[in-house]
$ cat target_20.cif   # mmCIF, N, CA and C atoms
data_protein
#
loop_
_atom_site.label_atom_id
_atom_site.label_comp_id
_atom_site.auth_asym_id
_atom_site.auth_seq_id
_atom_site.Cartn_x
_atom_site.Cartn_y
_atom_site.Cartn_z
N MET A 1 -26.65 -13.00 -20.07
CA MET A 1 -26.54 -13.74 -18.82
C MET A 1 -25.43 -14.79 -18.92
N MET A 2 -25.42 -15.53 -20.00
CA MET A 2 -24.40 -16.57 -20.17
C MET A 2 -23.01 -15.95 -20.25
N GLN A 3 -22.90 -14.82 -20.93
CA GLN A 3 -21.61 -14.15 -21.05
C GLN A 3 -21.12 -13.68 -19.68
N GLU A 4 -22.06 -13.22 -18.86
CA GLU A 4 -21.71 -12.78 -17.51
C GLU A 4 -21.14 -13.95 -16.70
N ILE A 5 -21.76 -15.10 -16.82
CA ILE A 5 -21.29 -16.29 -16.11
C ILE A 5 -19.90 -16.68 -16.61
N LEU A 6 -19.70 -16.62 -17.91
CA LEU A 6 -18.39 -16.96 -18.47
C LEU A 6 -17.32 -15.99 -18.00
N LEU A 7 -17.65 -14.70 -17.93
CA LEU A 7 -16.69 -13.72 -17.45
C LEU A 7 -16.31 -13.99 -16.00
N LYS A 8 -17.30 -14.30 -15.18
CA LYS A 8 -17.02 -14.62 -13.77
C LYS A 8 -16.18 -15.89 -13.67
N THR A 9 -16.50 -16.88 -14.48
CA THR A 9 -15.75 -18.13 -14.47
C THR A 9 -14.30 -17.88 -14.90
N ASN A 10 -14.11 -17.10 -15.95
CA ASN A 10 -12.76 -16.79 -16.41
C ASN A 10 -11.98 -16.04 -15.34
N TYR A 11 -12.65 -15.11 -14.64
CA TYR A 11 -11.99 -14.37 -13.58
C TYR A 11 -11.57 -15.31 -12.46
N LEU A 12 -12.46 -16.21 -12.08
CA LEU A 12 -12.13 -17.17 -11.02
C LEU A 12 -10.99 -18.09 -11.45
N ASP A 13 -11.03 -18.53 -12.71
CA ASP A 13 -9.95 -19.37 -13.22
C ASP A 13 -8.62 -18.63 -13.16
N GLU A 14 -8.61 -17.35 -13.53
CA GLU A 14 -7.39 -16.55 -13.48
C GLU A 14 -6.89 -16.42 -12.04
N GLN A 15 -7.82 -16.22 -11.11
CA GLN A 15 -7.44 -16.10 -9.71
C GLN A 15 -6.86 -17.40 -9.17
N ILE A 16 -7.44 -18.51 -9.58
CA ILE A 16 -6.94 -19.82 -9.14
C ILE A 16 -5.53 -20.04 -9.68
N VAL A 17 -5.32 -19.75 -10.95
CA VAL A 17 -4.00 -19.92 -11.55
C VAL A 17 -2.99 -18.99 -10.88
N LYS A 18 -3.40 -17.76 -10.61
CA LYS A 18 -2.52 -16.80 -9.96
C LYS A 18 -2.16 -17.26 -8.55
N SER A 19 -3.15 -17.70 -7.78
CA SER A 19 -2.86 -18.15 -6.42
C SER A 19 -2.03 -19.43 -6.43
N ARG A 20 -2.28 -20.29 -7.39
CA ARG A 20 -1.48 -21.52 -7.51
C ARG A 20 -0.03 -21.17 -7.81
N ALA A 21 0.18 -20.21 -8.68
CA ALA A 21 1.55 -19.79 -9.02
C ALA A 21 2.23 -19.17 -7.80
N GLU A 22 1.48 -18.42 -7.00
CA GLU A 22 2.05 -17.81 -5.79
C GLU A 22 2.46 -18.88 -4.78
N VAL A 23 1.64 -19.91 -4.64
CA VAL A 23 1.97 -21.00 -3.70
C VAL A 23 3.22 -21.72 -4.18
N ILE A 24 3.28 -22.04 -5.45
CA ILE A 24 4.43 -22.75 -6.00
C ILE A 24 5.70 -21.91 -5.85
N LYS A 25 5.60 -20.62 -6.11
CA LYS A 25 6.76 -19.73 -5.96
C LYS A 25 7.23 -19.70 -4.51
N ARG A 26 6.28 -19.64 -3.58
CA ARG A 26 6.65 -19.60 -2.16
C ARG A 26 7.33 -20.91 -1.74
N VAL A 27 6.83 -22.03 -2.23
CA VAL A 27 7.45 -23.32 -1.90
C VAL A 27 8.85 -23.39 -2.50
N GLU A 28 9.02 -22.91 -3.71
CA GLU A 28 10.34 -22.92 -4.34
C GLU A 28 11.35 -22.10 -3.54
N GLU A 29 10.89 -21.03 -2.92
CA GLU A 29 11.78 -20.18 -2.12
C GLU A 29 12.19 -20.86 -0.82
N LEU A 30 11.42 -21.82 -0.35
CA LEU A 30 11.72 -22.53 0.89
C LEU A 30 12.51 -23.80 0.57
N GLU A 31 13.72 -23.64 0.07
CA GLU A 31 14.51 -24.77 -0.41
C GLU A 31 14.87 -25.76 0.69
N ASP A 32 14.98 -25.30 1.93
CA ASP A 32 15.43 -26.18 3.01
C ASP A 32 14.30 -26.97 3.66
N HIS A 33 13.08 -26.79 3.18
CA HIS A 33 11.95 -27.57 3.68
C HIS A 33 11.71 -28.74 2.74
N TYR A 34 12.30 -29.87 3.11
CA TYR A 34 12.34 -31.02 2.21
C TYR A 34 10.96 -31.62 1.94
N ILE A 35 10.09 -31.58 2.94
CA ILE A 35 8.75 -32.14 2.74
C ILE A 35 8.00 -31.31 1.69
N LEU A 36 8.09 -29.99 1.80
CA LEU A 36 7.43 -29.14 0.80
C LEU A 36 8.02 -29.36 -0.59
N GLN A 37 9.32 -29.50 -0.67
CA GLN A 37 9.96 -29.74 -1.96
C GLN A 37 9.51 -31.07 -2.56
N ALA A 38 9.38 -32.09 -1.71
CA ALA A 38 8.91 -33.40 -2.20
C ALA A 38 7.47 -33.30 -2.70
N LEU A 39 6.63 -32.57 -1.96
CA LEU A 39 5.24 -32.40 -2.41
C LEU A 39 5.19 -31.66 -3.74
N LEU A 40 6.03 -30.62 -3.88
CA LEU A 40 6.06 -29.87 -5.13
C LEU A 40 6.52 -30.75 -6.29
N ASN A 41 7.55 -31.55 -6.05
CA ASN A 41 8.04 -32.45 -7.11
C ASN A 41 6.97 -33.46 -7.52
N ASN A 42 6.28 -34.03 -6.52
CA ASN A 42 5.21 -34.97 -6.84
C ASN A 42 4.07 -34.30 -7.58
N PHE A 43 3.74 -33.06 -7.19
CA PHE A 43 2.68 -32.33 -7.88
C PHE A 43 3.06 -32.07 -9.33
N ARG A 44 4.31 -31.70 -9.55
CA ARG A 44 4.77 -31.44 -10.92
C ARG A 44 4.78 -32.71 -11.77
N LYS A 45 5.14 -33.83 -11.16
CA LYS A 45 5.20 -35.09 -11.91
C LYS A 45 3.81 -35.62 -12.23
N THR A 46 2.91 -35.58 -11.24
CA THR A 46 1.62 -36.24 -11.42
C THR A 46 0.48 -35.27 -11.74
N GLY A 47 0.60 -34.03 -11.26
CA GLY A 47 -0.47 -33.06 -11.45
C GLY A 47 -1.67 -33.29 -10.53
N GLU A 48 -1.49 -34.18 -9.56
CA GLU A 48 -2.61 -34.48 -8.66
C GLU A 48 -2.83 -33.35 -7.67
N PRO A 49 -4.07 -32.94 -7.52
CA PRO A 49 -4.37 -31.81 -6.63
C PRO A 49 -4.09 -32.10 -5.15
N ARG A 50 -4.08 -33.36 -4.77
CA ARG A 50 -3.85 -33.66 -3.34
C ARG A 50 -2.47 -33.19 -2.89
N PHE A 51 -1.46 -33.26 -3.78
CA PHE A 51 -0.13 -32.78 -3.42
C PHE A 51 -0.14 -31.26 -3.26
N PHE A 52 -0.86 -30.59 -4.13
CA PHE A 52 -0.97 -29.13 -4.03
C PHE A 52 -1.70 -28.76 -2.74
N ASN A 53 -2.79 -29.46 -2.44
CA ASN A 53 -3.54 -29.17 -1.22
C ASN A 53 -2.69 -29.38 0.03
N LEU A 54 -1.86 -30.41 0.02
CA LEU A 54 -0.96 -30.63 1.16
C LEU A 54 0.07 -29.52 1.29
N MET A 55 0.57 -29.01 0.16
CA MET A 55 1.49 -27.87 0.22
C MET A 55 0.82 -26.66 0.86
N VAL A 56 -0.42 -26.40 0.44
CA VAL A 56 -1.16 -25.26 0.99
C VAL A 56 -1.36 -25.44 2.49
N ARG A 57 -1.73 -26.63 2.90
CA ARG A 57 -1.94 -26.88 4.34
C ARG A 57 -0.65 -26.70 5.13
N CYS A 58 0.46 -27.17 4.57
CA CYS A 58 1.75 -26.99 5.26
C CYS A 58 2.10 -25.52 5.39
N LEU A 59 1.90 -24.77 4.33
CA LEU A 59 2.19 -23.33 4.38
C LEU A 59 1.29 -22.63 5.39
N GLU A 60 0.01 -23.00 5.42
CA GLU A 60 -0.90 -22.41 6.39
C GLU A 60 -0.47 -22.74 7.81
N ALA A 61 -0.03 -23.97 8.04
CA ALA A 61 0.42 -24.37 9.38
C ALA A 61 1.68 -23.59 9.77
N MET A 62 2.59 -23.39 8.81
CA MET A 62 3.80 -22.63 9.09
C MET A 62 3.45 -21.18 9.43
N ASP A 63 2.53 -20.59 8.69
CA ASP A 63 2.10 -19.22 8.97
C ASP A 63 1.45 -19.12 10.34
N ASP A 64 0.64 -20.10 10.68
CA ASP A 64 -0.03 -20.12 11.98
C ASP A 64 1.00 -20.23 13.10
N MET A 65 1.99 -21.08 12.91
CA MET A 65 3.03 -21.24 13.92
C MET A 65 3.82 -19.94 14.08
N ASP A 66 4.14 -19.28 12.97
CA ASP A 66 4.85 -18.00 13.04
C ASP A 66 4.04 -16.96 13.80
N ARG A 67 2.73 -16.92 13.53
CA ARG A 67 1.86 -15.97 14.24
C ARG A 67 1.86 -16.24 15.74
N ARG A 68 1.74 -17.49 16.08
CA ARG A 68 1.70 -17.85 17.51
C ARG A 68 3.03 -17.55 18.20
N LEU A 69 4.13 -17.83 17.52
CA LEU A 69 5.44 -17.55 18.11
C LEU A 69 5.67 -16.05 18.26
N SER A 70 5.17 -15.28 17.32
CA SER A 70 5.36 -13.82 17.41
C SER A 70 4.56 -13.21 18.56
N GLN A 71 3.52 -13.88 19.01
CA GLN A 71 2.75 -13.39 20.15
C GLN A 71 3.57 -13.47 21.42
N TYR A 72 4.47 -14.44 21.52
CA TYR A 72 5.24 -14.65 22.73
C TYR A 72 6.55 -13.87 22.75
N SER A 73 6.93 -13.30 21.64
CA SER A 73 8.20 -12.58 21.63
C SER A 73 8.01 -11.09 21.68
#
$ encode --input "target_20.cif" --output "structure tokens"
Amino acid sequence: MMQEILLKTNYLDEQIVKSRAEVIKRVEELEDHYILQALLNNFRKTGEPRFFNLMVRCLEAMDDMDRRLSQYS
């Protein structure tokens, strides 16, 4: 039972690291978005999760805006 929990925890940890790497890669590709770049730099310097969470929220908002704009075109 304990080993099962550890395996699930390890899997979740791997997924978190993988998704975190994907978010960071996506932000790095958006070089002209200065706010995202500043959040990434602060996250790298301090390691505080609030900067990462703000990056995720910004990316989600950008995706939402793209979806809405594509409905009208």
$ residues_around --input "target_20.cif" --residues "region 26-42 of chain A" --least-positions-apart "3" --cutoff "7 Å" --atoms "only N, CA and C atoms" --output "ChimeraX atom specification"
/A:21-23,45-48,51-52,54-55
$ axis_aligned_box --input "target_20.cif" --around "region 51-68 of chain A" --padding-each-side "3 Å" --output "AutoDock Vina command-line options"
--center_x 0.7 --center_y -24.6 --center_z 7.0 --size_x 14.4 --size_y 23.3 --size_z 28.3
$ atom_distance --input "target_20.cif" --atom1 "atom N of Cys58 (chain A)" --atom2 "atom C of Ser70 (chain A)"
20.2 Å
$ atom_distance --input "target_20.cif" --atom1 "CA of Arg57 (chain A)" --atom2 "atom C of Leu69 (chain A)"
19.2 Å
$ atom_distance --input "target_20.cif" --atom1 "atom N of Phe43 (chain A)" --atom2 "CA of Asp64 (chain A)"
23.4 Å
